[in-house]
Each structure stands twice: as C-alpha cells, then as structure tokens.
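Peer 1: Structure in structure tokens, see below.
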Amino acid sequence: MTNAYDRDYLEDAMMCLGEALDYVGNACQMDINSFFDMFFATGYAARFEEGEPAVVSGLSGTELVCKVLRDAGLELMFPNAVVDYGGVSNEYWCGWFLAYFQWYSNRPFKNIIKNIPLDAFMQELPGMLEMDEAGRQEKLDEIMNGFKESVRIQEMRKECGYSQKELAVKSGVNIRTLQQYEIKSKDINKAAAVTLDVLARTMGCTPADIMEY
C-alpha cells in the first residue's frame with residue numbers, strides 16, 4: 001500500500017490533528033463534524049492529506065484550527081490553547097488515529113469521515129491504544145470495512161439530526177447497542193419489538209423504516 005506522504009512527517013501530523021480536535025471539542029466547545037466541514041471547504045484537509053510541511057509540521061493543532069475557522073469566515077475570540085494536552089482526551093486520540101489512518105491508507109479524510117461516524121470511531125480508541133502498529137492497521141481496516149455500507153437506522157438517525165449519544169438518551173436504548181446495530185455486529189431485525197418501537201417513535205418513523213431487508 002502506498003502511503004499518503006513521507007513518513008518523516010507522520011508523527012508531527014498525528015500530534016497536530018490530535019491537538020486540533022482536542023482544541024475544537026474541549027476549548028472551543030465546537031462540534032467536530034462541523035469543524036471537518038470547514039476543514040474540507042477551506043482546502044486545509046487536502047493540504048494535510050498531501051503532507052504539506054507547512055500544514056502538518058509547521059503549525060500546531062491550535063494554529064491549524066484558528067486558520068481554518070478564520071478562512072471559513074468565522075471571526076471569533078479564540079480560547080487560549082492548552083499547552084500540555086498530554087493525549088488524555090478522546091478528541092485528541094481521535095485526531096491522532098485519523099491522521100495515522102489517512103497516511104497509512106492514503107484515503108481522503110472526506111472518504112474516511114463519510115464511512116466512519118466519529119462518535120462510534122471514538123468508542124474504538126481505548127483498545128487501539130494498547131496495540132502495536134500492525135494491530136492498529138488491521139483494526140482500522142476492520143472499522144472502515146464495517147462502516148462502508150450505511151444501514152437504515154443510521155440513515156434515519158442522521159435525517160433526524162441526532163448523534164448516537166442523543167438518540168440513546170432520548171430513546172433509552174444503550175448507546176453500545178445502537179453502535180452494534182449501525183456496524184451490523186448485531187442484527188436489528190432480531191431486536192425486541194419494544195426496542196424497535198421506542199427507536200422508531202423517537203425518530204418519528206415506523207419499525208419497518210429502520211429494519212434491514
């Protein structure tokens with residue numbers, strides 16, 4: 001497999017995107033998916049994907065976020081950056097692993113984000129932290145392949161504008177169960193009638209609308 005750019009820039013790229021998503025999610029309190037929309041629209045995603053040194057190595061994550069938001073037309077009083085992120089947040093590791101996966105797979109971020117819901121992706125991070133590089137590559141490919149085809153409950157959830165967490169809270173269905181339905185590791189057609197009913201009512205549809213055929 002041909003990687004996206006020279007490995008010499010990979011560590012900087014991973015730290016940059018990790019810090020960027022930490023800053024977006026925790027300092028700016030911004031939805032990460034909304035940030036990615038601007039990341040794509042401003043052209044910074046394409047430059048990052050090519051390993052442009054001025055972007056992946058020449059900017060801190062905080063600086064990258066500020067440039068993206070300003071170029072997107074947002075005039076904000078940006079919060080102070082946290083000097084020592086320490087890699088403790090899910091947002092940090094999400095960015096760290098996404099940068100690695102983009103480099104390793106040479107897939108555009110837009111393709112990755114389209115096929116892997118970020119809230120579900122972050123649920124997989126703790127296990128990957130303990131893996132070696134070969135194990136991480138295998139796991140990332142497994143995750144990507146598992147999310148390639150969207151399922152009807154995922155499509156309906158997105159139409160309603162709910163994150164997985166929001167749907168879980170509103171319906172009372174465990175978030176891990178929802179994630180399993182969306183990656184097809186659990187067959188929603190075999191769900192209890194009461195589960196199908198509450199999910200359907202929460203999203204304003206019928207049980208048939210979220211079952212697979």
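Numbering starts fresh at 1 for the residues of each chain in the structure tokens, the chains themselves are lettered A, B, ... in the order given, and ligands are numbered from 1 as they appear.
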Fewer than 5 positions away in the same chain doesn't count, so skip those; otherwise give me all residues within 9 Å of Met122 in chain A, counting only C-alpha atoms, as a compact mmCIF listing (two decimals) with N, CA and C atoms, in the first residue's frame.
Peer 2:
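New file out_32.txt:
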```txt
# COMPACT_ATOMS: atom_id res chain seq x y z
N ASN A 90 -10.51 11.83 24.40
CA ASN A 90 -10.94 11.06 23.24
C ASN A 90 -10.77 11.85 21.96
N GLU A 91 -11.00 13.16 22.02
CA GLU A 91 -10.85 14.00 20.84
C GLU A 91 -9.40 14.00 20.35
N TRP A 93 -7.11 11.63 20.77
CA TRP A 93 -6.78 10.35 20.16
C TRP A 93 -7.53 10.12 18.86
N CYS A 94 -8.72 10.69 18.75
CA CYS A 94 -9.47 10.61 17.50
C CYS A 94 -8.66 11.26 16.38
N PRO A 117 -18.65 7.00 11.30
CA PRO A 117 -19.20 8.00 12.22
C PRO A 117 -18.20 8.26 13.36
```
Peer 1: Restricting the calculation to only C-alpha atoms, which member of A:Glu52, A:Asp37, A:Asp71, A:Glu166 is positioned closest to Asp12 in chain A?
Peer 2: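 Among the listed residues, A:Glu52 lies closest to Asp12 in chain A.
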Peer 1: Calculated over only C-alpha atoms, which of the candidates A:Asn174, A:Gln137, A:Gln123, A:Ser163 has the smallest distance to Ile32 in chain A?
Peer 2: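 Closest to Ile32 in chain A of all the choices is A:Ser163.
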Peer 1: Give the helix (DSSP H, G or I) residues of chain A, as DSSP finds them on the backbone, and put them as a PyMOL selection string.
Peer 2: chain A and resi 7-27+32-41+44-49+53-56+61-71+90-105+109-115+118-123+125-129+133-146+152-160+164-171+175-182+188-190+193-203+207-210
Peer 1: Could you tell me how far CA of Lys165 in chain A sits from CA of Glu49 in chain A, in Å to one decimal place?
Peer 2: 29.4 Å
Peer 1: Could you check which of A:Lys114, A:Lys186, A:Arg7, A:Arg107 is closest to Lys158 in chain A, using only C-alpha atoms?
Peer 2: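 Of all the options, A:Lys114 lies closest to Lys158 in chain A.
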Peer 1: Determine, counting only C-alpha atoms, which protein, DNA and RNA residues have an atom within 7 Å of an atom of range 102-105 of chain A; residues of the same chain fewer than 4 positions away are not included. Present the result as a ChimeraX atom specification.
Peer 2: /A:3-5,98,109
Peer 1: How about saving the chosen residues, C-alpha atoms kept, as a CSV table (one decimal), in the first residue's frame?
Peer 2:
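Final output, saved to selection.csv:
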```
chain,number,residue,atom,x,y,z
A,3,ASN,CA,1.2,5.9,2.0
A,4,ALA,CA,-0.1,9.4,1.6
A,5,TYR,CA,3.3,11.2,2.2
A,98,LEU,CA,-7.4,9.7,11.9
A,109,PHE,CA,-10.4,12.5,5.1
```
Peer 1: Can you list, as a PyMOL selection string, every protein, DNA or RNA residue that comes within 12 Å of Phe40 in chain A when you count only C-alpha atoms, leaving out same-chain residues fewer than 4 positions away?
Peer 2: chain A and resi 33-36+44-49+68-69+71-72+108-111+113
Peer 1: Got time to write the residues from that selection, N, CA and C atoms, as a short mmCIF file (atom, residue, chain, number, x, y, z; two decimals), in the first residue's frame?
Peer 2:
```
data_model
loop_
_atom_site.label_atom_id
_atom_site.label_comp_id
_atom_site.auth_asym_id
_atom_site.auth_seq_id
_atom_site.Cartn_x
_atom_site.Cartn_y
_atom_site.Cartn_z
N ASN A 33 -17.67 17.39 13.75
CA ASN A 33 -18.12 17.22 12.36
C ASN A 33 -18.25 18.57 11.66
N SER A 34 -18.69 19.59 12.39
CA SER A 34 -18.79 20.94 11.80
C SER A 34 -17.39 21.48 11.47
N PHE A 35 -16.43 21.19 12.34
CA PHE A 35 -15.06 21.60 12.04
C PHE A 35 -14.56 20.93 10.77
N PHE A 36 -14.84 19.64 10.62
CA PHE A 36 -14.38 18.94 9.43
C PHE A 36 -15.01 19.51 8.16
N TYR A 44 -7.71 23.06 3.63
CA TYR A 44 -6.65 22.60 4.53
C TYR A 44 -6.61 21.08 4.61
N ALA A 45 -7.75 20.42 4.46
CA ALA A 45 -7.76 18.96 4.51
C ALA A 45 -6.92 18.38 3.38
N ALA A 46 -7.10 18.92 2.17
CA ALA A 46 -6.33 18.43 1.01
C ALA A 46 -4.84 18.66 1.22
N ARG A 47 -4.48 19.80 1.78
CA ARG A 47 -3.06 20.10 2.02
C ARG A 47 -2.49 19.16 3.09
N PHE A 48 -3.30 18.86 4.10
CA PHE A 48 -2.89 17.94 5.15
C PHE A 48 -2.70 16.54 4.57
N GLU A 49 -3.64 16.12 3.72
CA GLU A 49 -3.59 14.78 3.11
C GLU A 49 -2.33 14.58 2.26
N VAL A 68 -8.21 27.57 9.94
CA VAL A 68 -9.38 27.00 9.27
C VAL A 68 -10.62 27.84 9.57
N LEU A 69 -10.84 28.17 10.83
CA LEU A 69 -12.05 28.91 11.19
C LEU A 69 -12.05 30.31 10.61
N ASP A 71 -10.43 31.30 7.84
CA ASP A 71 -10.62 31.19 6.39
C ASP A 71 -12.05 30.81 6.05
N ALA A 72 -12.75 30.18 6.98
CA ALA A 72 -14.16 29.84 6.78
C ALA A 72 -15.07 31.03 7.07
N PRO A 108 -8.73 9.98 1.29
CA PRO A 108 -9.07 11.35 1.69
C PRO A 108 -9.83 11.34 3.02
N PHE A 109 -9.64 12.38 3.82
CA PHE A 109 -10.39 12.49 5.07
C PHE A 109 -11.90 12.44 4.81
N LYS A 110 -12.33 13.06 3.72
CA LYS A 110 -13.77 13.10 3.45
C LYS A 110 -14.32 11.70 3.28
N ASN A 111 -13.56 10.81 2.63
CA ASN A 111 -13.98 9.43 2.47
C ASN A 111 -14.03 8.72 3.81
N ILE A 113 -14.34 10.08 6.89
CA ILE A 113 -15.40 10.63 7.74
C ILE A 113 -16.78 10.20 7.25
#
```
Peer 1: Can you work out which one of A:Val24, A:Leu167, A:Val65, A:Ala13 has the shortest atom-to-atom distance to Arg201 in chain A, counting only C-alpha atoms?
Peer 2: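 Ranking A:Val24, A:Leu167, A:Val65, A:Ala13 by distance to Arg201 in chain A, first place goes to A:Leu167.
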Peer 1: State, in Å with one decimal place, the distance from CA of Phe39 in chain A to CA of Lys139 in chain A.
Peer 2: 25.5 Å
Peer 1: Between CA of Ile210 in chain A and CA of Ile188 in chain A, what is the distance, to one decimal in Å?
Peer 2: 8.1 Å
Peer 1: Residues near Ile183 in chain A, anyone? I mean within 12 Å using only C-alpha atoms, not counting same-chain ones fewer than 3 positions away, as a PyMOL selection string.
Peer 2: chain A and resi 115-117+120-121+142-154+176-180+186-188
